[in-house]
Each structure stands twice: as structure tokens, then as C-alpha cells.
$ cat protein_18.pdb   # PDB, C-alpha atoms
ATOM      1  CA  MET A1112      61.785 -21.440  11.639
ATOM      2  CA  SER A1113      58.792 -23.051   9.940
ATOM      3  CA  ARG A1114      57.668 -23.768   6.372
ATOM      4  CA  ALA A1115      61.089 -23.034   4.838
ATOM      5  CA  SER A1116      63.346 -25.152   2.693
ATOM      6  CA  ASN A1117      66.640 -24.795   0.790
ATOM      7  CA  LEU A1118      67.534 -21.675   2.773
ATOM      8  CA  ALA A1119      71.096 -21.616   1.478
ATOM      9  CA  GLY A1120      69.992 -21.195  -2.121
ATOM     10  CA  PHE A1121      66.774 -19.167  -1.501
ATOM     11  CA  SER A1122      64.892 -21.348  -3.959
ATOM     12  CA  THR A1123      61.703 -21.307  -1.882
ATOM     13  CA  SER A1124      60.115 -18.252  -0.261
ATOM     14  CA  ILE A1125      60.264 -17.850   3.513
ATOM     15  CA  GLN A1126      56.643 -17.346   4.551
ATOM     16  CA  SER A1127      57.132 -16.887   8.281
ATOM     17  CA  VAL A1128      60.087 -16.659  10.595
ATOM     18  CA  ALA A1129      59.669 -17.408  14.287
ATOM     19  CA  PRO A1130      63.080 -16.466  15.710
ATOM     20  CA  SER A1131      63.559 -12.847  16.782
ATOM     21  CA  ASN A1132      66.785 -12.428  14.782
ATOM     22  CA  LEU A1133      67.660 -13.769  11.380
ATOM     23  CA  VAL A1134      71.050 -12.966   9.831
ATOM     24  CA  VAL A1135      71.426 -13.780   6.175
ATOM     25  CA  GLY A1136      73.011 -12.245   3.077
ATOM     26  CA  VAL A1137      70.807 -10.502   0.497
ATOM     27  CA  VAL A1138      67.088 -10.485   1.203
ATOM     28  CA  THR A1139      64.791  -9.795  -1.754
ATOM     29  CA  ALA A1140      61.123  -9.259  -1.074
ATOM     30  CA  THR A1141      58.190  -7.629  -2.826
ATOM     31  CA  THR A1142      56.802  -6.291   0.461
ATOM     32  CA  PHE A1143      58.112  -5.499   3.947
ATOM     33  CA  SER A1144      55.498  -5.404   6.704
ATOM     34  CA  GLY A1145      56.166  -3.476   9.902
ATOM     35  CA  ASN A1146      59.054  -1.190  10.820
ATOM     36  CA  ILE A1147      62.548  -1.619   9.460
ATOM     37  CA  THR A1148      65.151  -0.859  12.124
ATOM     38  CA  GLY A1149      68.864  -0.784  11.633
ATOM     39  CA  THR A1150      72.061   1.185  12.206
ATOM     40  CA  ALA A1151      72.759   1.890   8.526
ATOM     41  CA  ALA A1152      71.248   1.294   5.128
ATOM     42  CA  THR A1153      72.544   1.718   1.594
ATOM     43  CA  PHE A1154      70.281   1.825  -1.473
ATOM     44  CA  SER A1155      71.902   1.671  -4.884
ATOM     45  CA  GLY A1156      68.631   2.292  -6.715
ATOM     46  CA  ASN A1157      65.517   4.372  -6.192
ATOM     47  CA  VAL A1158      63.454   4.377  -3.008
ATOM     48  CA  SER A1159      59.763   5.214  -3.327
ATOM     49  CA  ILE A1160      57.796   6.170  -0.236
ATOM     50  CA  GLY A1161      54.036   6.612  -0.468
ATOM     51  CA  GLY A1162      53.596   7.916   3.061
ATOM     52  CA  THR A1163      55.648  10.271   5.233
ATOM     53  CA  LEU A1164      59.412   9.988   5.554
ATOM     54  CA  THR A1165      60.788  11.159   8.903
ATOM     55  CA  TYR A1166      64.524  11.535   9.159
ATOM     56  CA  GLU A1167      67.343  13.433  10.873
ATOM     57  CA  ASP A1168      70.854  14.506   9.861
ATOM     58  CA  VAL A1169      70.776  13.821   6.143
ATOM     59  CA  THR A1170      73.423  15.173   3.774
ATOM     60  CA  ASN A1171      71.518  15.675   0.518
ATOM     61  CA  VAL A1172      67.787  15.763  -0.179
ATOM     62  CA  ASP A1173      66.427  15.745  -3.724
ATOM     63  CA  SER A1174      62.652  15.989  -3.623
ATOM     64  CA  VAL A1175      60.173  16.480  -6.466
ATOM     65  CA  GLY A1176      57.362  17.237  -4.031
ATOM     66  CA  ILE A1177      56.951  19.343  -0.892
ATOM     67  CA  ILE A1178      59.473  19.160   1.928
ATOM     68  CA  THR A1179      58.000  19.922   5.363
ATOM     69  CA  ALA A1180      60.289  20.673   8.304
ATOM     70  CA  ARG A1181      58.459  20.736  11.634
ATOM     71  CA  THR A1182      61.014  22.582  13.752
ATOM     72  CA  GLY A1183      62.763  24.740  11.169
ATOM     73  CA  VAL A1184      65.509  24.602   8.581
ATOM     74  CA  ARG A1185      69.099  25.445   9.505
ATOM     75  CA  ILE A1186      71.687  26.114   6.804
ATOM     76  CA  ASP A1187      75.237  26.343   8.145
ATOM     77  CA  ALA A1188      76.975  26.726   4.789
ATOM     78  CA  GLY A1189      76.266  26.927   1.092
ATOM     79  CA  GLY A1190      73.174  29.107   1.333
ATOM     80  CA  LEU A1191      69.680  28.671  -0.057
ATOM     81  CA  VAL A1192      69.323  29.020  -3.828
ATOM     82  CA  VAL A1193      65.850  29.337  -5.369
ATOM     83  CA  THR A1194      66.059  29.310  -9.175
ATOM     84  CA  ALA A1195      62.332  29.467  -9.995
ATOM     85  CA  GLY A1196      58.899  29.818  -8.495
ATOM     86  CA  VAL A1197      57.629  31.946  -5.618
ATOM     87  CA  SER A1198      59.000  31.745  -2.080
ATOM     88  CA  THR A1199      56.354  32.520   0.544
ATOM     89  CA  PHE A1200      57.104  33.358   4.179
ATOM     90  CA  ALA A1201      53.999  33.498   6.383
ATOM     91  CA  GLY A1202      55.903  34.414   9.523
ATOM     92  CA  ILE A1203      58.827  36.713  10.257
ATOM     93  CA  ALA A1204      61.907  36.498   8.012
ATOM     94  CA  THR A1205      65.050  37.820   9.705
ATOM     95  CA  HIS A1206      68.105  38.750   7.643
ATOM     96  CA  THR A1207      71.307  39.744   9.409
ATOM     97  CA  ALA A1208      73.170  40.452   6.153
ATOM     98  CA  SER A1209      72.231  41.974   2.797
ATOM     99  CA  ILE A1210      69.414  40.856   0.503
ATOM    100  CA  PHE A1211      70.360  40.669  -3.170
ATOM    101  CA  GLY A1212      68.163  40.031  -6.168
ATOM    102  CA  THR A1213      66.507  41.597  -9.173
ATOM    103  CA  GLN A1214      62.977  41.314  -7.768
ATOM    104  CA  ALA A1215      61.607  41.089  -4.252
ATOM    105  CA  SER A1216      57.969  41.488  -3.293
ATOM    106  CA  PHE A1217      56.894  42.074   0.303
ATOM    107  CA  SER A1218      53.285  42.497   1.398
ATOM    108  CA  GLY A1219      54.123  43.073   5.042
ATOM    109  CA  VAL A1220      56.443  45.399   6.950
ATOM    110  CA  ILE A1221      60.130  45.686   6.079
ATOM    111  CA  THR A1222      62.336  46.810   8.951
ATOM    112  CA  ALA A1223      65.982  47.510   8.219
ATOM    113  CA  THR A1224      68.762  49.575   9.722
ATOM    114  CA  THR A1225      69.941  50.614   6.245
ATOM    115  CA  PHE A1226      68.507  50.655   2.738
ATOM    116  CA  SER A1227      71.161  50.789   0.022
ATOM    117  CA  GLY A1228      70.382  51.935  -3.487
ATOM    118  CA  ALA A1229      67.368  53.602  -5.031
ATOM    119  CA  VAL A1230      63.816  52.754  -4.027
ATOM    120  CA  THR A1231      61.701  52.936  -7.171
ATOM    121  CA  GLY A1232      58.029  52.531  -7.870
ATOM    122  CA  ASP A1233      54.957  53.832  -6.093
ATOM    123  CA  VAL A1234      54.503  53.699  -2.341
ATOM    124  CA  THR A1235      50.816  53.247  -1.554
ATOM    125  CA  GLY A1236      51.158  53.317   2.204
ATOM    126  CA  ASN A1237      53.023  55.498   4.679
ATOM    127  CA  ILE A1238      56.767  56.090   4.920
ATOM    128  CA  ASN A1239      57.810  56.565   8.529
ATOM    129  CA  SER A1240      61.321  57.725   9.230
ATOM    130  CA  SER A1241      62.720  58.536  12.651
ATOM    131  CA  GLY A1242      66.078  59.589  11.246
ATOM    132  CA  VAL A1243      67.231  61.607   8.249
ATOM    133  CA  SER A1244      65.588  60.962   4.886
ATOM    134  CA  THR A1245      67.206  62.402   1.781
ATOM    135  CA  PHE A1246      65.089  62.959  -1.324
ATOM    136  CA  THR A1247      66.508  64.166  -4.619
ATOM    137  CA  THR A1248      62.991  64.277  -6.042
ATOM    138  CA  LEU A1249      59.756  64.554  -4.091
ATOM    139  CA  ASN A1250      56.781  64.515  -6.404
ATOM    140  CA  GLY A1251      53.179  63.588  -5.785
ATOM    141  CA  THR A1252      49.728  64.895  -6.510
ATOM    142  CA  SER A1253      47.440  62.172  -5.181
ATOM    143  CA  GLY A1254      48.534  62.111  -1.559
ATOM    144  CA  LEU A1255      49.776  64.196   1.315
ATOM    145  CA  VAL A1256      53.273  64.712   2.666
ATOM    146  CA  SER A1257      53.238  65.035   6.443
ATOM    147  CA  VAL A1258      56.333  65.933   8.460
ATOM    148  CA  GLY A1259      56.989  66.111  12.159
ATOM    149  CA  THR A1260      58.502  68.957  14.138
ATOM    150  CA  THR A1261      61.485  69.463  11.829
ATOM    151  CA  PHE A1262      61.658  69.535   8.046
ATOM    152  CA  LYS A1263      65.020  70.520   6.594
ATOM    153  CA  THR A1264      65.751  71.128   2.931
ATOM    154  CA  LYS A1265      69.081  71.609   1.238
ATOM    155  CA  GLY A1266      69.248  72.695  -2.366
ATOM    156  CA  PHE A1267      65.519  72.196  -2.748
ATOM    157  CA  VAL A1268      64.261  73.466  -6.110
ATOM    158  CA  GLU A1269      60.587  73.930  -6.952
ATOM    159  CA  THR A1270      59.703  72.986 -10.527
ATOM    160  CA  GLN A1271      58.701  76.060 -12.499
ATOM    161  CA  SER A1272      55.797  75.707 -14.914
ATOM    162  CA  THR A1273      54.199  77.962 -17.500
ATOM    163  CA  VAL A1274      50.634  78.942 -16.755
ATOM    164  CA  SER A1275      47.758  78.058 -19.032
ATOM    165  CA  ILE A1276      45.956  81.071 -20.419
ATOM    166  CA  GLY A1277      42.636  81.105 -22.226
ATOM    167  CA  GLY A1278      40.890  84.358 -22.918
ATOM    168  CA  THR A1279      41.071  86.346 -19.690
ATOM    169  CA  ILE A1280      41.452  83.221 -17.508
ATOM    170  CA  LEU A1281      44.820  82.468 -15.925
ATOM    171  CA  THR A1282      44.881  78.773 -14.910
ATOM    172  CA  LEU A1283      47.183  77.461 -12.172
ATOM    173  CA  ASP A1284      47.255  73.648 -12.045
ATOM    174  CA  ALA A1285      48.364  72.249  -8.680
ATOM    175  CA  SER A1286      49.356  68.962 -10.319
ATOM    176  CA  GLN A1287      52.088  70.881 -12.182
ATOM    177  CA  GLY A1288      53.480  72.581  -9.084
ATOM    178  CA  THR A1289      52.974  75.843  -7.241
ATOM    179  CA  VAL A1290      55.462  78.156  -8.977
ATOM    180  CA  PHE A1291      54.552  79.536 -12.415
ATOM    181  CA  THR A1292      55.753  82.027 -14.991
ATOM    182  CA  HIS A1293      53.704  84.071 -17.437
ATOM    183  CA  THR A1294      54.321  86.717 -20.082
ATOM    184  CA  THR A1295      51.269  88.856 -20.675
ATOM    185  CA  SER A1296      49.743  89.011 -24.127
ATOM    186  CA  ALA A1297      46.116  89.632 -23.171
ATOM    187  CA  GLN A1298      43.978  90.794 -20.276
ATOM    188  CA  ILE A1299      43.867  88.743 -17.087
ATOM    189  CA  GLY A1300      40.715  88.955 -15.013
ATOM    190  CA  ILE A1301      39.903  85.485 -13.733
ATOM    191  CA  VAL A1302      42.304  83.147 -11.954
ATOM    192  CA  SER A1303      41.412  79.457 -12.063
ATOM    193  CA  PHE A1304      42.937  77.014  -9.581
ATOM    194  CA  THR A1305      42.713  73.359 -10.613
ATOM    195  CA  GLY A1306      43.731  70.157  -8.881
ATOM    196  CA  ILE A1307      42.914  71.457  -5.389
ATOM    197  CA  ARG A1308      42.580  68.535  -2.981
ATOM    198  CA  THR A1309      39.922  68.293  -0.323
ATOM    199  CA  ASP A1310      41.168  65.233   1.594
ATOM    200  CA  THR A1311      41.467  67.421   4.663
ATOM    201  CA  ALA A1312      41.435  71.053   5.602
ATOM    202  CA  GLY A1313      44.521  72.776   4.254
ATOM    203  CA  THR A1314      46.128  75.647   2.414
ATOM    204  CA  GLN A1315      48.067  75.839  -0.835
ATOM    205  CA  THR A1316      50.178  78.787  -1.984
ATOM    206  CA  PHE A1317      50.717  79.651  -5.642
ATOM    207  CA  THR A1318      53.337  82.051  -6.963
ATOM    208  CA  VAL A1319      53.315  83.562 -10.457
ATOM    209  CA  LEU A1320      56.201  85.594 -11.909
ATOM    210  CA  VAL A1321      54.558  87.813 -14.521
ATOM    211  CA  THR A1322      56.551  89.599 -17.222
ATOM    212  CA  GLN A1323      54.759  92.427 -19.007
ATOM    213  CA  GLY A1324      54.786  91.947 -22.762
ATOM    214  CA  ALA A1325      55.505  94.564 -25.402
ATOM    215  CA  THR A1326      52.015  95.964 -24.931
ATOM    216  CA  PRO A1327      51.219  96.154 -21.194
ATOM    217  CA  VAL A1328      47.764  94.881 -20.237
ATOM    218  CA  ASN A1329      45.551  94.679 -17.162
ATOM    219  CA  THR A1330      46.793  97.838 -15.486
ATOM    220  CA  THR A1331      43.578  99.467 -14.307
ATOM    221  CA  GLY A1332      41.659  98.790 -11.141
ATOM    222  CA  ALA A1333      38.442  98.133 -13.022
ATOM    223  CA  ALA A1334      40.024  95.340 -15.056
ATOM    224  CA  GLY A1335      42.424  94.086 -12.414
ATOM    225  CA  ILE A1336      42.790  90.592 -11.030
ATOM    226  CA  GLY A1337      40.188  89.870  -8.392
ATOM    227  CA  THR A1338      37.373  91.909  -9.910
ATOM    228  CA  GLN A1339      35.743  88.696 -11.151
ATOM    229  CA  LEU A1340      35.060  85.409  -9.409
ATOM    230  CA  ALA A1341      37.970  82.993  -9.156
ATOM    231  CA  SER A1342      37.334  79.449 -10.321
ATOM    232  CA  ILE A1343      38.365  76.568  -8.060
ATOM    233  CA  ARG A1344      38.266  73.030  -9.407
ATOM    234  CA  ILE A1345      38.927  70.203  -6.977
ATOM    235  CA  ILE A1346      39.993  66.582  -7.454
ATOM    236  CA  PRO A1347      38.834  63.909  -7.678
ATOM    237  CA  GLY A1348      35.814  64.582  -9.838
ATOM    238  CA  ASN A1349      36.954  67.914 -11.322
ATOM    239  CA  VAL A1350      34.074  69.684  -9.557
ATOM    240  CA  GLY A1351      34.135  73.468  -9.803
ATOM    241  CA  TYR A1352      33.414  76.231  -7.269
ATOM    242  CA  SER A1353      33.643  80.016  -7.405
ATOM    243  CA  THR A1354      34.622  82.715  -4.931
ATOM    244  CA  HIS A1355      36.023  86.205  -4.881
ATOM    245  CA  ILE A1356      39.757  86.733  -4.405
ATOM    246  CA  LYS A1357      40.256  88.800  -1.280
ATOM    247  CA  VAL A1358      42.766  91.589  -1.943
ATOM    248  CA  GLY A1359      44.251  94.371   0.127
ATOM    249  CA  GLY A1360      41.943  97.340   0.488
ATOM    250  CA  GLY A1361      39.162  95.433  -1.257
ATOM    251  CA  THR A1362      40.082  96.872  -4.659
ATOM    252  CA  SER A1363      41.969  94.713  -7.161
ATOM    253  CA  ILE A1364      45.424  93.511  -8.148
ATOM    254  CA  THR A1365      46.870  95.609 -10.970
ATOM    255  CA  LEU A1366      49.971  94.910 -13.007
ATOM    256  CA  THR A1367      52.759  97.320 -13.875
ATOM    257  CA  ASN A1368      52.108  99.528 -16.904
ATOM    258  CA  SER A1369      55.589  99.103 -18.320
ATOM    259  CA  ALA A1370      56.811  96.659 -20.952
ATOM    260  CA  GLY A1371      59.359  94.215 -19.584
ATOM    261  CA  ALA A1372      58.520  94.907 -15.920
ATOM    262  CA  LEU A1373      58.228  91.981 -13.523
ATOM    263  CA  ASP A1374      55.302  91.486 -11.144
ATOM    264  CA  LEU A1375      55.193  88.812  -8.469
ATOM    265  CA  LEU A1376      51.702  87.475  -7.780
ATOM    266  CA  THR A1377      50.890  85.290  -4.788
ATOM    267  CA  PHE A1378      47.607  83.459  -4.186
ATOM    268  CA  ILE A1379      46.666  81.499  -1.075
ATOM    269  CA  VAL A1380      43.849  78.957  -1.492
ATOM    270  CA  SER A1381      42.427  77.697   1.788
ATOM    271  CA  TYR A1382      39.915  74.875   2.244
ATOM    272  CA  ASN A1383      38.084  74.747   5.576
ATOM    273  CA  GLY A1384      37.475  70.978   5.583
ATOM    274  CA  ALA A1385      33.690  71.186   5.313
ATOM    275  CA  THR A1386      31.935  67.855   4.862
ATOM    276  CA  SER A1387      29.484  69.336   2.362
ATOM    277  CA  ILE A1388      31.698  71.338   0.013
ATOM    278  CA  ALA A1389      30.315  74.646  -1.261
ATOM    279  CA  ASN A1390      31.592  77.943  -2.621
ATOM    280  CA  THR A1391      31.965  79.199   0.941
ATOM    281  CA  SER A1392      34.299  76.282   1.771
ATOM    282  CA  PHE A1393      37.147  78.138   0.062
ATOM    283  CA  THR A1394      38.947  81.362   0.844
ATOM    284  CA  VAL A1395      41.349  82.844  -1.709
ATOM    285  CA  VAL A1396      43.709  85.666  -0.790
ATOM    286  CA  GLY A1397      45.779  87.434  -3.439
ATOM    287  CA  PHE A1398      48.467  90.070  -3.294
ATOM    288  CA  ALA A1399      51.253  91.350  -5.517
ATOM    289  CA  ALA A1400      54.703  92.859  -5.377
ATOM    290  CA  THR A1401      54.930  94.870  -8.590
ATOM    291  CA  ASP A1402      57.147  96.960 -10.843
ATOM    292  CA  PHE A1403      60.443  95.065 -10.548
ATOM    293  CA  ARG A1404      62.930  96.584 -13.007
ATOM    294  CA  ASN A1405      66.670  96.970 -13.311
ATOM    295  CA  ALA A1406      68.050  99.174 -10.596
ATOM    296  CA  ILE A1407      69.601 102.486 -11.561
ATOM    297  CA  VAL A1408      73.327 102.399 -10.861
TER     298      VAL A1408
END
$ encode --input "protein_18.pdb" --output "C-alpha cells"
Amino acid sequence: MSRASNLAGFSTSIQSVAPSNLVVGVVTATTFSGNITGTAATFSGNVSIGGTLTYEDVTNVDSVGIITARTGVRIDAGGLVVTAGVSTFAGIATHTASIFGTQASFSGVITATTFSGAVTGDVTGNINSSGVSTFTTLNGTSGLVSVGTTFKTKGFVETQSTVSIGGTILTLDASQGTVFTHTTSAQIGIVSFTGIRTDTAGTQTFTVLVTQGATPVNTTGAAGIGTQLASIRIIPGNVGYSTHIKVGGGTSITLTNSAGALDLLTFIVSYNGATSIANTSFTVVGFAATDFRNAIV
């Protein structure tokens, strides 16, 4: 030992120590240079580390900054509780039990053997199901529903809407459904189909249950449905096209000339998938089952 004095009372600083081992009581220093190696250490106050702290097998960690674990984090008990902020997982997160919480946002793919509870909100991508999917409500006007080889329905009810009528134009809006009701109060000559999609070639069927009013109208061939051009308005853009409704025998669709009678009208609107849409891109077929009244018993 060199340049040291009064070691027992520590009245003078030790500037350099030559021996490889020095055993004393309490050592107070403003700076430690080099590595500190030992079997155990106890700090009663705060420890500030400006660089990187590498450690193994610690019991409690309270960090105000970022904790980085190079080979993973293993929690054997107690769980992981995040009370604020956003938790981001760049890789694959595997959960063998349930996930609970009021909000969870996933930008990737969620794979689960079972989903419990209601799934709410809009689904902007595809829903692929290899098993049985049960829907109490299936509603959508901006996309397509595609099914595989089997599509089973149980207790499926189509929403019934009232048609829009203006002058002699009967308007059927695909965004409201495909089943409509109407009570006649004026002539019907033109049928307008709105909300027809042209994402791909396809066919939509519209059904109208018509009840003749107190004064029957539209009962002659000359004024029947199909004698004037049908109007077809597609979305997006609300662009309109016109074509004749093709009817059986090339005549027209006439309604029953009897107050209170029921007529069932069916229209099939087919789009051929043409890249440049024109009037000829659409085919409309119409037919009717008419004169439904109470049976005579």
C-alpha cells in the first residue's frame, strides 16, 4: 500500500492500493473505476446507472425508463398488469387462456379456437370460417358476402321495406333490402332499381308484394309494368342507366283489377361485368303471380 496514512480512522484518502485484496469496513468514494465484483450487495439508498444494467434473477424491478429483455420475459405467477399506455407486440403473441379487457386493438391476424361474446364494429377485411358461423343479423350494402359449397339458414328473415313511389315510378332501393310491399294508389309504369353494385358480374332479385287499393290501377297491357324503360342506378357514383324489362310473351306485367287483391312481382337485375358500363350491361327480367284472394271454402 502506498501514499496512505491513518487507515484506521479514514482521515486521509487512499489514492492507490497495490495489493490485490483489501478488506476493510465501510468504503465511501465519489467514484469507482473498473468493474465491481462480489457475491452480494445491499444498497439502502438509490442507485443511479447512466449506462446499461445487465442482471439475472432479480425479484422486483421498478424502472421509470425502458426495460429491454434480450431473450424474453417469463412470468411464472402474478401476471402482467398494464394500467396505462399502449402495449405493442411486433411479433407473434400466443395466449393459451382467455383475453379479458374493455378494449383490444389488433392490426394483424387473430387466430383462436373460440370467440366468446359479441363481435361488434365494422369488419373491413375478410371473415374466413371453416366451421359453423351463426349470425343473428347479416347486414351490409358496401361489400359482398361469399359462401362456399354449403350455406345453411335457420329462421332467416328478410327485412321487409316499403317501396318509394313518385308519379308512375316504383323505386326499389337495394340498400334497404330485396323484399318490398306496396299498396297501389296511382299508376305504375316505370320501375327504378337503385343501389345496384357493379363490383363484379352478378344478379340481384327483388320481390314486391302489391296490394290493390280501393281503386285498382295499372290493369291494362298498354299501361302495364315493362312498357317503359326501367331505370337502373348503380353505386358508387349514383350513375343511371336504362333498359327494357323483359317479360313473358313480350307484352307487359298487369296487375289484378280487383280492390284488395294481392299481386306478387319479381324482378331479376343482372349485370354482365362489363369494364365499360353501358345500358346493354344490364338485363332485367320481370314476371308476376297475380290475383291472390281469399279462397272460397
$ atom_distance --input "protein_18.pdb" --atom1 "CA of Thr1326 (chain A)" --atom2 "CA of Val1274 (chain A)"
18.9 Å
$ resolve_selection --input "protein_18.pdb" --expression "the PyMOL selection byres ((chain A and resi 1375-1380) around 9)" --output "PyMOL selection string"
chain A and resi 1304+1307+1313-1322+1343+1356+1364+1373-1374+1381-1382+1393-1403
$ residues_near_point --input "protein_18.pdb" --point "(43.1, 88.1, -17.3)" --cutoff "6 Å" --atoms "all atoms listed in the file" --output "VMD selection string"
chain A and resid 1279 to 1280 1298 to 1301
$ resolve_selection --input "protein_18.pdb" --expression "the PyMOL selection byres ((chain A and resi 1348) around 12)" --output "PyMOL selection string"
chain A and resi 1305-1309+1344-1347+1349-1351
$ axis_aligned_box --input "protein_18.pdb" --around "region 1177-1196 of chain A" --padding-each-side "4 Å" --output "JSON"
{"center_x": 67.0, "center_y": 24.5, "center_z": 1.9, "size_x": 28.0, "size_y": 18.7, "size_z": 31.7}
$ resolve_selection --input "protein_18.pdb" --expression "the PyMOL selection byres ((chain A and resi 1281) around 6)" --output "MDAnalysis selection string"
chainID A and resid 1276 1280 1282 1302:1303
$ closest_residue --input "protein_18.pdb" --among "A:Thr1179, A:Thr1142, A:Thr1289, A:Thr1295" --to "Tyr1166 (chain A)" --atoms "only C-alpha atoms"
A:Thr1179
$ closest_residue --input "protein_18.pdb" --among "A:Val1184, A:Ile1238, A:Ser1363, A:Gly1371" --to "Thr1294 (chain A)" --atoms "all atoms listed in the file"
A:Gly1371
$ atom_distance --input "protein_18.pdb" --atom1 "CA of Asn1405 (chain A)" --atom2 "CA of Ala1370 (chain A)"
12.5 Å
$ atom_distance --input "protein_18.pdb" --atom1 "CA of Gly1189 (chain A)" --atom2 "CA of Val1175 (chain A)"
20.6 Å
$ residues_near_point --input "protein_18.pdb" --point "(71.7, 17.9, -0.8)" --cutoff "12 Å" --atoms "all atoms listed in the file" --output "MDAnalysis selection string"
chainID A and resid 1168:1174 1186 1188:1192
$ closest_residue --input "protein_18.pdb" --among "A:Asp1284, A:Ala1325, A:Thr1273, A:Ile1177" --to "Ser1296 (chain A)" --atoms "all atoms listed in the file"
A:Ala1325
